[in-house]
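A.B. asks: Quick one: the structure is below, questions incoming.
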Amino acid sequence: GTYKAMSIAMERTDLPVLGTSALKPKIEFILPKVSFDGYSPDRPLDDIVTEGVEFTAHYDDTDGAIKVILQNEQATY
C-alpha cells in the first residue's frame with residue numbers, strides 16, 4: 001500500500017570506455033513512484049539465489065515523470 005522510488009540500471013562493463021571519459025555504455029530508468037504487486041524469491045540450497053518482483057510504475061504531478069538516461073557515444077538521434 002505504500003509507494004517507493006526505484007532505479008534500474010544496465011551497464012556494458014565488457015566494452016571499452018566512452019571517448020576520454022571513464023564511463024561505459026549505460027541505460028538507467030528512474031522511477032520516482034512505484035507500487036509492488038508481487039514478490040517471488042527462489043532460494044535453492046547451494047545454488048544461485050534469484051528474486052522476481054512485480055511492480056507498477058506511476059506518474060503524478062507531485063513525484064514527477066519517469067526518466068530514462070542513456071549514456072553512449074551517439075550525440076543525437
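Letters A, B, ... mark the chains of the C-alpha cells in the order given; residue numbers begin at 1 per chain; ligand numbers begin at 1, in order shown.
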Using only C-alpha atoms, I'd like a table of the residues in region 29-74 of chain A that come within 8 Å of region 9-19 of chain A; for each, show the closest atom pair and its distance in Å rounded to one decimal, ordered by chain and ascending number, as CSV.

C.D. replies:
```
residue,atom,partner,partner_atom,distance
A:Phe29,CA,A:Ala9,CA,6.4
A:Asn72,CA,A:Leu18,CA,6.8
A:Glu73,CA,A:Leu18,CA,6.3
```

A.B. asks: When you look at region 1-3 of chain A with a cut-off of 10 Å (counting only C-alpha atoms), what residues show up, excluding the ones that are within fewer than 4 positions of it in the same chain? I need them as a ChimeraX atom specification.

C.D. replies: /A:32-37,56-58

A.B. asks: Of the residues A:Ala22, A:Ala5, A:Ser40, A:Asp46, which is the one nearest to Gln71 (chain A), using only C-alpha atoms?

C.D. replies: A:Ala22

A.B. asks: Identify, with DSSP run on backbone atoms, the residues in region 10-51 of chain A assigned to strand (DSSP E or B), and express the list as a ChimeraX atom specification.

C.D. replies: /A:10-11,26-42,50-51

A.B. asks: I'd like the interatomic distance between CA of Asp61 (chain A) and CA of Leu31 (chain A), to a tenth of an Å.

C.D. replies: 13.3 Å

A.B. asks: Nearest residue to Lys24 (chain A) out of A:Val49, A:Leu70, A:Ala65, A:Ile8, using only C-alpha atoms?

C.D. replies: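 Looking at the shortest contact to Lys24 (chain A), the residue is A:Leu70.
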